[in-house]
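Novice: The file below is input-v8.txt, compact mmCIF, C-alpha atoms:
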# COMPACT_ATOMS: atom_id res chain seq x y z
CA MET A 1 -73.25 146.46 -53.87
CA ARG A 2 -74.01 148.15 -50.13
CA LEU A 3 -73.92 150.15 -45.92
CA PHE A 4 -75.10 148.03 -47.03
CA LYS A 5 -72.35 146.03 -48.61
CA SER A 6 -70.15 144.46 -46.04
CA PHE A 7 -66.75 145.28 -47.49
CA GLN A 8 -67.02 147.23 -50.72
CA TRP A 9 -66.16 150.46 -49.03
CA LEU A 10 -64.71 152.16 -52.09
CA ARG A 11 -68.10 151.93 -53.74
CA LEU A 12 -69.72 153.38 -50.65
CA ILE A 13 -67.44 156.27 -49.72
CA ALA A 14 -68.56 157.16 -46.22
CA ILE A 15 -68.57 159.93 -43.66
CA ILE A 16 -68.63 158.59 -40.13
CA LEU A 17 -70.59 160.75 -37.75
CA THR A 18 -70.20 160.38 -34.00
CA MET A 19 -73.57 160.43 -32.27
CA SER A 20 -75.12 160.29 -28.85
CA THR A 21 -76.83 157.00 -28.20
CA VAL A 22 -80.55 157.40 -27.65
CA PRO A 23 -81.78 154.34 -25.75
CA GLN A 24 -85.44 154.60 -26.73
CA MET A 25 -84.61 154.56 -30.43
CA LYS A 26 -83.68 150.90 -30.62
CA ILE A 27 -82.18 151.16 -34.08
CA LEU A 28 -79.44 153.42 -32.72
CA LEU A 29 -77.46 150.70 -31.01
CA PRO A 30 -74.04 151.72 -32.40
CA THR A 31 -72.50 155.05 -31.48
CA ILE A 32 -71.63 155.70 -35.12
CA PHE A 33 -73.39 155.26 -38.42
CA ILE A 34 -72.44 155.61 -42.04
CA ILE A 35 -73.67 158.27 -44.43
CA ILE A 36 -73.02 157.58 -48.09
CA HIS A 37 -71.09 160.19 -50.08
CA ILE A 38 -72.74 163.60 -50.18
CA GLY A 39 -71.88 166.22 -52.76
CA SER A 40 -70.22 168.92 -50.68
CA PHE A 41 -68.62 169.44 -47.29
CA ALA A 42 -71.30 172.03 -46.54
CA GLN A 43 -73.97 169.36 -46.97
CA ARG A 44 -72.05 166.97 -44.74
CA ASP A 45 -71.69 169.61 -42.03
CA SER A 46 -75.38 170.43 -42.31
CA LEU A 47 -76.34 166.77 -42.04
CA GLN A 48 -74.24 166.29 -38.93
CA ALA A 49 -75.66 169.49 -37.46
CA TYR A 50 -79.28 168.55 -38.14
CA TYR A 51 -78.69 165.07 -36.79
CA GLN A 52 -77.16 166.32 -33.54
CA VAL A 53 -79.83 168.99 -33.06
CA GLY A 54 -82.43 166.27 -33.53
CA VAL A 55 -80.81 163.98 -30.97
CA ASN A 56 -80.55 166.83 -28.45
CA ALA A 57 -84.16 167.80 -29.06
CA TYR A 58 -85.29 164.22 -28.52
CA GLU A 59 -83.42 163.97 -25.23
CA ALA A 60 -84.98 167.30 -24.12
CA LYS A 61 -88.41 166.06 -25.27
CA GLU A 62 -88.68 169.00 -27.66
CA TYR A 63 -90.46 166.83 -30.16
CA HIS A 64 -91.36 169.54 -32.65
CA LEU A 65 -87.68 170.45 -33.10
CA TYR A 66 -86.84 166.73 -33.19
CA LEU A 67 -89.22 166.33 -36.13
CA GLU A 68 -88.05 169.39 -38.05
CA SER A 69 -84.40 168.36 -37.67
CA PHE A 70 -84.92 164.86 -39.00
CA LYS A 71 -87.13 166.10 -41.82
CA ARG A 72 -84.19 168.18 -42.98
CA ALA A 73 -81.67 165.39 -42.42
CA ASN A 74 -83.84 163.09 -44.54
CA GLU A 75 -83.93 165.67 -47.33
CA ILE A 76 -80.13 165.91 -47.36
CA ARG A 77 -79.55 162.16 -47.14
CA PRO A 78 -82.65 160.21 -48.24
CA ASN A 79 -83.31 156.53 -47.65
CA HIS A 80 -80.94 156.08 -44.76
CA PRO A 81 -82.57 153.62 -42.32
CA THR A 82 -81.30 155.35 -39.17
CA ILE A 83 -82.50 158.78 -40.26
CA MET A 84 -85.83 157.42 -41.47
CA TYR A 85 -86.35 155.46 -38.27
CA ASN A 86 -85.92 158.64 -36.26
CA LEU A 87 -88.18 160.52 -38.66
CA ALA A 88 -90.92 157.90 -38.13
CA SER A 89 -90.39 158.22 -34.37
CA ALA A 90 -90.60 162.02 -34.56
CA PHE A 91 -93.87 161.86 -36.51
CA ALA A 92 -95.32 159.43 -33.95
CA LEU A 93 -94.30 161.58 -30.97
CA ASN A 94 -95.91 164.61 -32.63
CA GLN A 95 -99.13 162.63 -33.12
CA LYS A 96 -98.73 162.67 -36.89
CA ILE A 97 -99.80 159.06 -37.14
CA LYS A 98 -100.41 158.73 -40.86
CA ALA A 99 -97.07 160.33 -41.68
CA SER A 100 -95.32 157.96 -39.28
CA LEU A 101 -97.03 154.93 -40.86
CA ILE A 102 -95.95 156.06 -44.32
CA VAL A 103 -92.31 156.23 -43.23
CA ILE A 104 -92.59 152.88 -41.46
CA LYS A 105 -93.82 151.32 -44.68
CA GLN A 106 -90.82 152.77 -46.50
CA LEU A 107 -88.57 151.27 -43.82
CA ILE A 108 -90.22 147.88 -44.33
CA ASN A 109 -89.49 148.14 -48.05
CA MET A 110 -85.82 148.62 -47.16
CA ASN A 111 -85.54 146.15 -44.29
CA THR A 112 -88.47 144.06 -43.09
CA SER A 113 -86.75 143.23 -39.78
CA LEU A 114 -86.99 146.86 -38.63
CA LEU A 115 -90.66 146.38 -37.83
CA GLU A 116 -89.73 144.20 -34.85
CA GLU A 117 -87.57 147.04 -33.49
CA ILE A 118 -90.46 149.46 -33.96
CA LYS A 119 -92.91 147.20 -32.12
CA LYS A 120 -90.61 147.17 -29.05
CA ASP A 121 -89.92 150.91 -29.11
CA GLU A 122 -91.88 153.08 -26.65
CA ASP A 123 -91.96 155.93 -29.17
CA PHE A 124 -94.38 153.94 -31.31
CA GLN A 125 -96.72 152.58 -28.67
CA SER A 126 -99.53 154.86 -29.85
CA LEU A 127 -99.41 153.03 -33.20
CA VAL A 128 -98.96 149.34 -32.54
CA GLN A 129 -102.56 148.54 -31.59
CA ARG A 130 -104.02 150.35 -34.57
CA GLN A 131 -105.54 148.34 -37.38
CA ASP A 132 -103.46 150.15 -40.01
CA PHE A 133 -100.30 149.18 -38.11
CA LYS A 134 -101.44 145.55 -38.05
CA GLU A 135 -101.85 145.83 -41.82
CA LEU A 136 -98.21 146.86 -41.98
CA GLU A 137 -97.31 143.69 -40.08
CA LYS A 138 -99.01 141.65 -42.78
CA TYR A 139 -97.25 143.73 -45.40
CA ALA A 140 -93.88 143.01 -43.80
CA GLN A 141 -94.60 139.29 -43.89
CA GLN A 142 -95.34 139.56 -47.60
CA LYS A 143 -92.15 141.56 -48.25
CA SER A 144 -90.04 138.98 -46.42
CA ALA A 145 -91.66 135.86 -47.87
CA ARG A 146 -89.41 133.49 -49.78
CA ILE A 147 -89.94 133.56 -53.55
CA SER A 148 -87.91 131.15 -55.68
CA LYS A 149 -89.05 131.32 -59.29
CA SER A 150 -85.65 131.18 -60.99
CA ARG A 151 -83.98 127.86 -61.69
CA THR A 152 -80.36 126.78 -61.53
CA HIS A 153 -78.65 127.68 -64.80
CA ASP A 154 -75.15 126.54 -63.87
CA LEU A 155 -72.97 125.72 -60.90
CA ILE A 156 -69.36 126.70 -61.50
CA LYS A 157 -66.67 124.99 -59.46
CA LEU A 158 -64.53 127.55 -57.65
CA ASP A 159 -61.89 127.44 -54.96
CA SER A 160 -62.01 130.62 -52.84
CA ILE A 161 -62.54 132.88 -55.84
CA HIS A 162 -64.93 135.80 -55.48
CA ILE A 163 -66.74 136.49 -58.77
CA GLU A 164 -68.57 139.81 -59.05
CA GLY A 165 -68.77 140.87 -62.73
CA ILE A 166 -70.24 138.87 -65.60
CA SER A 167 -70.66 139.24 -69.37
CA TYR A 168 -71.40 136.84 -72.24
CA ASN A 169 -70.09 136.09 -75.74
CA PRO A 170 -73.00 134.64 -77.75
CA THR A 171 -70.77 133.54 -80.65
CA LYS A 172 -68.47 131.38 -78.55
CA LYS A 173 -71.17 130.74 -75.96
CA GLU A 174 -68.88 131.59 -73.10
CA TYR A 175 -69.12 133.79 -70.05
CA TYR A 176 -66.52 136.28 -68.88
CA LEU A 177 -66.23 136.46 -65.11
CA GLY A 178 -64.33 139.08 -63.10
CA ALA A 179 -62.89 138.24 -59.68
CA VAL A 180 -62.57 140.59 -56.73
CA ASN A 181 -59.97 138.88 -54.57
CA THR A 182 -57.72 137.20 -57.18
CA ARG A 183 -57.91 140.16 -59.63
CA THR A 184 -58.46 137.72 -62.47
CA LEU A 185 -60.62 137.65 -65.59
CA PHE A 186 -61.90 134.17 -66.47
CA SER A 187 -63.78 132.64 -69.35
CA TYR A 188 -66.29 129.90 -68.66
CA SER A 189 -67.76 127.54 -71.25
CA ASP A 190 -68.27 123.81 -71.87
CA VAL A 191 -64.54 123.30 -71.45
CA GLY A 192 -64.65 124.78 -67.96
CA LEU A 193 -63.08 127.76 -66.24
CA GLU A 194 -60.00 129.28 -67.87
CA GLU A 195 -57.92 132.28 -66.89
CA ILE A 196 -57.70 135.03 -69.51
CA VAL A 197 -55.68 137.67 -67.72
CA SER A 198 -54.79 138.71 -64.18
CA HIS A 199 -52.95 141.39 -62.23
CA GLN A 200 -49.78 139.34 -62.63
CA ASP A 201 -49.97 140.21 -66.33
CA ILE A 202 -51.45 143.69 -65.91
CA PRO A 203 -50.66 145.32 -62.53
CA ASN A 204 -53.44 147.88 -62.91
CA VAL A 205 -56.10 145.17 -62.87
CA PHE A 206 -57.49 145.56 -59.34
CA SER A 207 -60.70 144.03 -57.98
CA ILE A 208 -62.87 143.49 -61.07
CA LEU A 209 -66.36 144.88 -60.47
CA GLY A 210 -67.73 145.35 -64.00
CA VAL A 211 -67.25 143.28 -67.17
CA ALA A 212 -68.58 144.09 -70.66
CA TYR A 213 -67.95 142.13 -73.86
CA HIS A 214 -67.79 144.11 -77.13
CA ALA A 215 -68.65 141.75 -79.99
CA LYS A 216 -67.61 144.02 -82.87
CA ALA A 217 -64.06 144.44 -81.52
CA ASN A 218 -63.98 140.99 -79.85
CA SER A 219 -62.66 142.64 -76.72
CA ILE A 220 -63.53 142.71 -73.05
CA TRP A 221 -63.81 145.90 -70.99
CA LEU A 222 -63.21 145.89 -67.25
CA CYS A 223 -63.72 148.44 -64.51
CA THR A 224 -61.67 147.72 -61.41
CA ASN A 225 -61.10 149.21 -57.96
CA ALA A 226 -58.32 148.64 -55.43
CA LEU A 227 -60.18 146.98 -52.55
CA PRO A 228 -58.65 145.63 -49.33
CA GLN A 229 -59.97 142.16 -50.20
CA MET A 230 -57.77 141.84 -53.28
CA SER A 231 -54.54 139.95 -53.56
CA GLY A 232 -51.48 142.15 -53.08
CA TYR A 233 -53.40 145.11 -51.67
CA SER A 234 -51.41 147.88 -50.05
CA ASP A 235 -52.53 151.15 -48.49
CA ALA A 236 -50.60 152.98 -51.21
CA GLN A 237 -53.23 151.71 -53.70
CA SER A 238 -56.16 153.03 -51.71
CA GLY A 239 -58.52 154.92 -54.00
CA PHE A 240 -57.05 153.58 -57.25
CA SER A 241 -59.42 152.61 -60.06
CA SER A 242 -58.85 151.50 -63.63
CA ILE A 243 -60.51 150.92 -66.97
CA ILE A 244 -59.03 148.12 -69.07
CA GLU A 245 -59.84 146.86 -72.55
CA TYR A 246 -58.38 143.47 -73.40
CA SER A 247 -58.36 142.27 -77.04
CA LEU A 248 -59.17 138.58 -77.38
CA ASP A 249 -57.75 138.56 -80.92
CA GLN A 250 -54.46 140.28 -80.07
CA LYS A 251 -54.19 138.72 -76.60
CA LYS A 252 -53.16 142.04 -75.10
CA VAL A 253 -54.39 145.23 -73.47
CA VAL A 254 -55.40 147.87 -76.01
CA THR A 255 -56.84 150.45 -73.60
CA GLU A 256 -55.66 151.16 -70.07
CA ILE A 257 -56.64 154.13 -67.90
CA LEU A 258 -55.55 154.46 -64.29
CA LYS A 259 -57.24 156.88 -61.87
CA GLU A 260 -55.33 157.50 -58.64
CA GLY A 261 -58.19 158.62 -56.42
CA ALA A 262 -61.47 160.57 -56.65
CA SER A 263 -63.21 157.77 -58.57
CA ALA A 264 -64.84 154.44 -57.77
CA PHE A 265 -66.00 152.71 -60.94
CA GLY A 266 -69.06 150.52 -60.36
CA ASP A 267 -70.16 149.22 -63.75
CA LEU A 268 -69.80 149.76 -67.48
CA ILE A 269 -71.63 149.10 -70.72
CA VAL A 270 -70.58 149.20 -74.40
CA SER A 271 -72.76 150.86 -77.04
CA LYS A 272 -73.16 149.53 -80.58
CA ASN A 273 -70.57 151.96 -81.95
CA GLY A 274 -68.02 151.01 -79.30
CA GLN A 275 -68.46 153.87 -76.84
CA VAL A 276 -68.11 152.69 -73.27
CA PHE A 277 -70.15 154.29 -70.49
CA VAL A 278 -68.76 153.92 -66.96
CA SER A 279 -70.55 154.71 -63.70
CA ASP A 280 -68.42 156.43 -61.09
CA GLY A 281 -69.94 155.84 -57.67
CA LEU A 282 -67.70 158.36 -55.93
CA GLY A 283 -67.75 161.29 -58.32
CA ASN A 284 -71.32 160.34 -59.31
CA LYS A 285 -70.58 160.97 -62.94
CA ILE A 286 -71.06 158.81 -65.99
CA CYS A 287 -67.82 158.77 -67.91
CA ILE A 288 -67.24 157.82 -71.51
CA VAL A 289 -64.27 156.22 -73.25
CA LYS A 290 -63.52 154.44 -76.51
CA SER A 291 -60.86 152.01 -77.57
CA GLY A 292 -57.36 153.50 -77.52
CA ASP A 293 -58.21 156.49 -75.34
CA THR A 294 -55.78 157.48 -72.61
CA GLU A 295 -58.26 159.48 -70.55
CA LEU A 296 -61.91 159.33 -69.57
CA SER A 297 -64.33 162.06 -70.54
CA THR A 298 -67.39 163.08 -68.54
CA PHE A 299 -70.61 162.20 -70.33
CA ILE A 300 -72.88 163.60 -67.63
CA ASP A 301 -72.38 164.83 -64.07
CA LEU A 302 -75.12 163.66 -61.68
CA SER A 303 -73.37 164.62 -58.46
CA SER A 304 -76.02 167.17 -57.55
CA ILE A 305 -78.76 164.51 -57.44
CA ALA A 306 -77.04 161.12 -57.08
CA PHE A 307 -75.21 159.42 -54.22
CA ASN A 308 -73.70 156.15 -55.47
CA LEU A 309 -74.07 155.30 -59.16
CA GLN A 310 -73.97 151.62 -60.08
CA GLY A 311 -75.63 149.55 -62.84
CA LEU A 312 -76.11 150.85 -66.39
CA SER A 313 -78.35 149.79 -69.26
CA LEU A 314 -78.98 151.18 -72.75
CA SER A 315 -82.33 150.98 -74.53
CA GLN A 316 -82.40 148.86 -77.66
CA ASN A 317 -82.12 151.80 -80.06
CA GLU A 318 -79.79 153.56 -77.57
CA GLU A 319 -81.93 156.65 -77.22
CA PHE A 320 -81.97 156.25 -73.43
CA LEU A 321 -79.38 155.32 -70.83
CA PHE A 322 -80.64 154.03 -67.49
CA VAL A 323 -78.46 154.14 -64.38
CA ALA A 324 -79.13 152.87 -60.85
CA ASP A 325 -78.25 155.11 -57.93
CA TYR A 326 -77.75 152.75 -55.00
CA ILE A 327 -79.36 155.26 -52.65
CA SER A 328 -82.09 157.13 -54.48
CA GLY A 329 -83.40 154.96 -57.32
CA ILE A 330 -83.12 154.89 -61.11
CA PHE A 331 -82.41 157.71 -63.57
CA LYS A 332 -83.24 157.82 -67.26
CA ILE A 333 -80.94 159.92 -69.43
CA ASP A 334 -82.13 161.05 -72.86
CA MET A 335 -79.13 160.57 -75.13
CA THR A 336 -80.22 163.32 -77.52
CA ASP A 337 -80.12 166.20 -75.03
CA ASN A 338 -78.76 164.66 -71.79
CA SER A 339 -81.97 165.49 -69.94
CA VAL A 340 -82.40 163.43 -66.77
CA THR A 341 -85.56 161.92 -65.31
CA ARG A 342 -85.83 160.04 -62.04
CA LEU A 343 -88.15 157.08 -62.54
CA VAL A 344 -91.30 157.16 -60.45
CA LEU A 345 -91.53 153.95 -58.43
CA PRO A 346 -94.61 152.32 -56.89
CA GLU A 347 -94.95 152.76 -53.14
CA ASN A 348 -94.15 149.08 -52.55
CA VAL A 349 -90.68 149.37 -54.14
CA SER A 350 -87.75 150.82 -52.24
CA PRO A 351 -85.52 153.02 -54.39
CA LYS A 352 -82.53 151.91 -52.30
CA GLY A 353 -80.09 149.14 -53.05
CA ILE A 354 -80.46 148.52 -56.79
CA ASP A 355 -77.19 147.24 -58.20
CA GLY A 356 -77.36 145.41 -61.53
CA LEU A 357 -79.79 146.96 -64.04
CA TYR A 358 -80.81 145.53 -67.45
CA LEU A 359 -83.38 146.71 -69.98
CA HIS A 360 -85.54 144.06 -71.63
CA ALA A 361 -88.31 145.15 -74.01
CA ASN A 362 -90.27 147.71 -71.94
CA SER A 363 -89.04 146.62 -68.53
CA LEU A 364 -85.98 146.87 -66.32
CA LEU A 365 -84.54 143.83 -64.60
CA ALA A 366 -83.18 144.98 -61.25
CA ILE A 367 -80.93 143.19 -58.77
CA GLN A 368 -81.70 144.76 -55.39
CA ASN A 369 -79.04 143.73 -52.90
CA GLY A 370 -79.12 146.78 -50.62
CA THR A 371 -82.37 145.73 -48.95
CA THR A 372 -83.32 143.01 -46.50
CA PRO A 373 -84.21 140.63 -47.99
CA TYR A 374 -82.52 140.67 -51.40
CA ARG A 375 -84.81 140.77 -54.43
CA ILE A 376 -84.63 140.16 -58.18
CA MET A 377 -87.37 142.18 -59.88
CA GLN A 378 -88.83 143.00 -63.26
CA LEU A 379 -89.94 146.63 -63.29
CA ASN A 380 -92.49 147.16 -66.05
CA LEU A 381 -92.22 150.66 -67.48
CA SER A 382 -94.69 153.20 -68.74
CA THR A 383 -94.83 153.97 -72.47
CA LYS A 384 -92.55 156.98 -71.96
CA LYS A 385 -90.23 154.90 -69.77
CA ASP A 386 -90.39 157.49 -67.00
CA ALA A 387 -92.27 155.45 -64.40
CA VAL A 388 -92.58 151.90 -63.15
CA MET A 389 -96.17 150.76 -63.56
CA ASN A 390 -95.96 147.41 -61.80
CA VAL A 391 -93.44 144.94 -60.43
CA GLN A 392 -92.89 141.23 -60.76
CA ILE A 393 -90.57 139.58 -58.24
CA PHE A 394 -88.61 136.64 -59.56
CA ASP A 395 -86.71 135.84 -56.40
CA GLN A 396 -86.78 137.11 -52.83
CA ALA A 397 -85.16 135.87 -49.60
CA ARG A 398 -83.89 132.73 -51.32
CA LYS A 399 -81.91 130.42 -49.07
CA GLU A 400 -79.25 130.11 -51.82
CA PHE A 401 -78.54 133.83 -51.80
CA ASP A 402 -75.27 135.03 -50.42
CA GLU A 403 -75.42 138.26 -52.36
CA PRO A 404 -76.82 138.54 -55.89
CA THR A 405 -74.85 141.07 -57.90
CA GLN A 406 -74.86 141.18 -61.71
CA GLY A 407 -76.39 139.31 -64.63
CA VAL A 408 -76.80 139.02 -68.39
CA ILE A 409 -79.73 138.66 -70.76
CA LEU A 410 -79.37 135.57 -72.96
CA ASN A 411 -82.06 135.68 -75.63
CA ASP A 412 -85.23 135.06 -73.63
CA ARG A 413 -83.64 134.40 -70.24
CA PHE A 414 -82.10 136.45 -67.46
CA VAL A 415 -79.05 134.78 -65.92
CA TYR A 416 -77.49 136.26 -62.80
CA ILE A 417 -74.90 135.65 -60.09
CA ALA A 418 -76.77 134.55 -56.96
CA ASN A 419 -74.05 134.15 -54.35
CA SER A 420 -71.25 136.69 -54.57
CA PRO A 421 -69.50 135.96 -51.23
CA TRP A 422 -69.08 139.41 -49.70
CA GLY A 423 -70.13 138.03 -46.34
CA LYS A 424 -67.54 135.26 -46.33
CA TYR A 425 -64.41 137.33 -45.67
CA SER A 426 -62.59 136.99 -42.36
CA ASP A 427 -61.61 139.99 -40.25
CA ASP A 428 -58.21 139.98 -41.94
CA ARG A 429 -59.95 140.13 -45.36
CA VAL A 430 -59.28 136.58 -46.43
CA LEU A 431 -62.07 134.83 -48.31
CA ASN A 432 -63.25 131.76 -46.42
CA ALA A 433 -65.56 130.40 -49.08
CA LYS A 434 -65.04 127.31 -51.18
CA GLN A 435 -68.62 127.42 -52.40
CA ASP A 436 -69.43 127.02 -56.08
CA LEU A 437 -70.66 130.01 -58.07
CA LEU A 438 -74.42 129.71 -58.57
CA LEU A 439 -76.00 131.17 -61.71
CA LEU A 440 -79.78 131.35 -61.59
CA SER A 441 -82.00 131.81 -64.63
CA HIS A 442 -85.51 133.13 -65.21
CA PRO A 443 -87.47 133.16 -68.51
CA LEU A 444 -88.39 136.56 -69.92
CA LYS A 445 -91.53 137.62 -71.74
CA GLU A 446 -92.19 140.67 -73.90
Do you think you could lay out the structure here as structure tokens?

Specialist:
Amino acid sequence: MRLFKSFQWLRLIAIILTMSTVPQMKILLPTIFIIIHIGSFAQRDSLQAYYQVGVNAYEAKEYHLYLESFKRANEIRPNHPTIMYNLASAFALNQKIKASLIVIKQLINMNTSLLEEIKKDEDFQSLVQRQDFKELEKYAQQKSARISKSRTHDLIKLDSIHIEGISYNPTKKEYYLGAVNTRTLFSYSDVGLEEIVSHQDIPNVFSILGVAYHAKANSIWLCTNALPQMSGYSDAQSGFSSIIEYSLDQKKVVTEILKEGASAFGDLIVSKNGQVFVSDGLGNKICIVKSGDTELSTFIDLSSIAFNLQGLSLSQNEEFLFVADYISGIFKIDMTDNSVTRLVLPENVSPKGIDGLYLHANSLLAIQNGTTPYRIMQLNLSTKKDAVMNVQIFDQARKEFDEPTQGVILNDRFVYIANSPWGKYSDDRVLNAKQDLLLLSHPLKE
């Protein structure tokens, strides 16, 4: 979920910066680019200033200043492909070849197609004939290769319904599916697809982005955002978000919290004692709520280090909470003292673009849909769970992918949505997709 996601703009609150076009830097074809939410206006102003100084320095061939400016811009807003591309260019023009190659490899991890732009760019001509650059070409081929290890778990018949969130009830053996455009919560089992509740019943159900089933209460929690792709959208709803708990026993809403701006809820998870943790991708806080509450409380504020919080996962004994930042990677939160650790990732894994996140044994299952190509990965953790030791890729660049989004762990299998149709909306935000919902499944090992 994405600059990166075609339409989900509320989850990617943006600052649009007007720039000069620099012809030699082929990646800078548009005259604007998007910077994901940054913590303060001062930071935003600084980023724009450093960017513009860098562009001016490049045009004046003051390459030292060009480099220093984009170093600083990259510190303020990491893992942005345009900034990193210019940083790689600046290193190359300052004859810092190894540093440039390191950044190019990071760019490949984010988007393998960028290497073709680099090969055509005059700024990098001192690199392209080098053997270590040719090794990067082989590396890019590996990172873009099609991997299709998961198998079809189910194919759900849909008619222009955009499913994004998923949860599972093991007792009834049914899925709960949340729709973006129709603002509807469905159940799916052997009897087929059935509507549970929609915005026609509960007006504050907007586009459903996160779904979590709570077995003890037999209730379903939803986090929703008012997106332009949803039925009945009006500009007056812009920025609205909600948290809903629907009781399956009572057939009614038992918790309902409406936020009119300053929040963009991305995902949620229910603990064993019924506490619900919600990621706020705009405020970059993790909120907490329990059944019957009328307000959210802040569990932890990560706005000083995070950019766009998304997927959440609790460890089995609930001593740790893991959360994916769509821009900068994965954080581990110690539930005893709220201390925060950013997981150390191997150099062949981009921290950018991780959406769904699920802990299994001593590994994290990660749905990475903010990279090109998309990947489904198992990140095997260190004993202290503070670093990723190695990575197994289940699926990469699959032809069935539209956009993989969220999943569930069912005993010894990981089941996930493979084709959330974000790319199928027309310019007037109407979904032109009658494709079936594809659930893929991969076996899990301890």

Novice: Using all atoms listed in the file, which of the listed residues (A:Ser167, A:Ser100, A:Asn284, A:Gln310) sits closest to A:Gly407?

Specialist: A:Ser167

Novice: Taking the point (-63.7, 132.1, -63.9) as given in the file, collect each protein or nucleic acid residue that comes within 7 Å of it, counting all atoms listed in the file, and present the set as a list in words.

Specialist: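 Protein, DNA and RNA residues close to (-63.7, 132.1, -63.9): Leu177, Leu185, Phe186, Ser187, Tyr188, Leu193, Glu194 and Glu195 of chain A.
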
Novice: Would you mind listing what lies within 9 Å of stretch 338-342 of chain A as an MDAnalysis selection string, with all atoms listed in the file counted and same-chain residues fewer than 2 positions away left out?

Specialist: chainID A and resid 299:300 302 328:336 344 386:387

Novice: Put the listed atoms of stretch 100-118 of chain A in a box along x, y and z with 4 Å added on every side and give me the centre and edge lengths in Å to one decimal, as lines of an AutoDock Vina configuration file.

Specialist:
center_x = -91.3
center_y = 150.6
center_z = -40.8
size_x = 19.5
size_y = 22.7
size_z = 22.6

Novice: What gap, in Å, lies between atom CA of A:Ser113 and atom CA of A:Thr372?

Specialist: 7.5 Å

Novice: Would you please work out which residue, of A:Cys287, A:Ala212, A:Ala92, A:Ile163, is nearest to A:Ile269 when using only C-alpha atoms?

Specialist: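 The answer is A:Ala212, which sits nearest to A:Ile269.
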
Novice: Find the residues around A:Gln229 up to 9 Å (all atoms listed in the file counted), leave out those fewer than 3 positions away in its own chain, and share them as a list in words.

Specialist: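 So the residues in contact are Phe7, Gln8, Val180, Asn181, Thr182, Ser207, Ala226, Gly232, Tyr233, Tyr425, Asp428, Arg429, Val430 and Leu431 of chain A.
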
Novice: For the atom pair atom CA of A:Pro421 and atom CA of A:Phe240, what is the interatomic distance in Å to one decimal place?

Specialist: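 Atom-to-atom, atom CA of A:Pro421 to atom CA of A:Phe240, that is 22.4 Å.
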
Novice: Please determine, counting all atoms listed in the file, which residue among A:Ser350, A:Thr298, A:Ser304, A:Ser231 has the shortest atom-to-atom distance to A:Phe206.

Specialist: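 Selected residue with least distance to A:Phe206: A:Ser231.
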
Novice: If you count only C-alpha atoms, which residues fall within 12 Å of A:Ile97, apart from same-chain ones fewer than 5 positions away, as a PDB file with C-alpha atoms, in the frame of the given file?

Specialist:
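Writing done, so here's around12.pdb:
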ATOM      1  CA  LEU A  87     -88.180 160.520 -38.660  1.00  0.00           C
ATOM      2  CA  ALA A  88     -90.920 157.900 -38.130  1.00  0.00           C
ATOM      3  CA  SER A  89     -90.390 158.220 -34.370  1.00  0.00           C
ATOM      4  CA  ALA A  90     -90.600 162.020 -34.560  1.00  0.00           C
ATOM      5  CA  PHE A  91     -93.870 161.860 -36.510  1.00  0.00           C
ATOM      6  CA  ALA A  92     -95.320 159.430 -33.950  1.00  0.00           C
ATOM      7  CA  ILE A 102     -95.950 156.060 -44.320  1.00  0.00           C
ATOM      8  CA  VAL A 103     -92.310 156.230 -43.230  1.00  0.00           C
ATOM      9  CA  ILE A 104     -92.590 152.880 -41.460  1.00  0.00           C
ATOM     10  CA  ASP A 123     -91.960 155.930 -29.170  1.00  0.00           C
ATOM     11  CA  PHE A 124     -94.380 153.940 -31.310  1.00  0.00           C
ATOM     12  CA  GLN A 125     -96.720 152.580 -28.670  1.00  0.00           C
ATOM     13  CA  SER A 126     -99.530 154.860 -29.850  1.00  0.00           C
ATOM     14  CA  LEU A 127     -99.410 153.030 -33.200  1.00  0.00           C
ATOM     15  CA  VAL A 128     -98.960 149.340 -32.540  1.00  0.00           C
ATOM     16  CA  ARG A 130    -104.020 150.350 -34.570  1.00  0.00           C
ATOM     17  CA  ASP A 132    -103.460 150.150 -40.010  1.00  0.00           C
ATOM     18  CA  PHE A 133    -100.300 149.180 -38.110  1.00  0.00           C
TER      19      PHE A 133
END

Novice: Go through A:Ser303, A:Ser189, A:Thr405, A:Ser238 one by one, measure the shortest atom-to-atom distance of each to A:Asn369 using only C-alpha atoms, and give the residue with the smallest value.

Specialist: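 Distance minimum relative to A:Asn369 lands on A:Thr405.
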
Novice: Every residue with an atom at most 6 Å from (-75.8, 149.2, -59.3) (file coordinates; only C-alpha atoms) is what I'm after, so could you write them as a list in words?

Specialist: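 Answer for this query, in the requested form: Gln310, Gly311, Ala324, Tyr326, Ile354, Asp355 and Gly356 of chain A.
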
Novice: Just checking: using all atoms listed in the file, which residue out of A:Ala366, A:Glu256, A:Pro170, A:Glu137 ends up closest to A:Val289?

Specialist: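 Of all the options, A:Glu256 lies closest to A:Val289.
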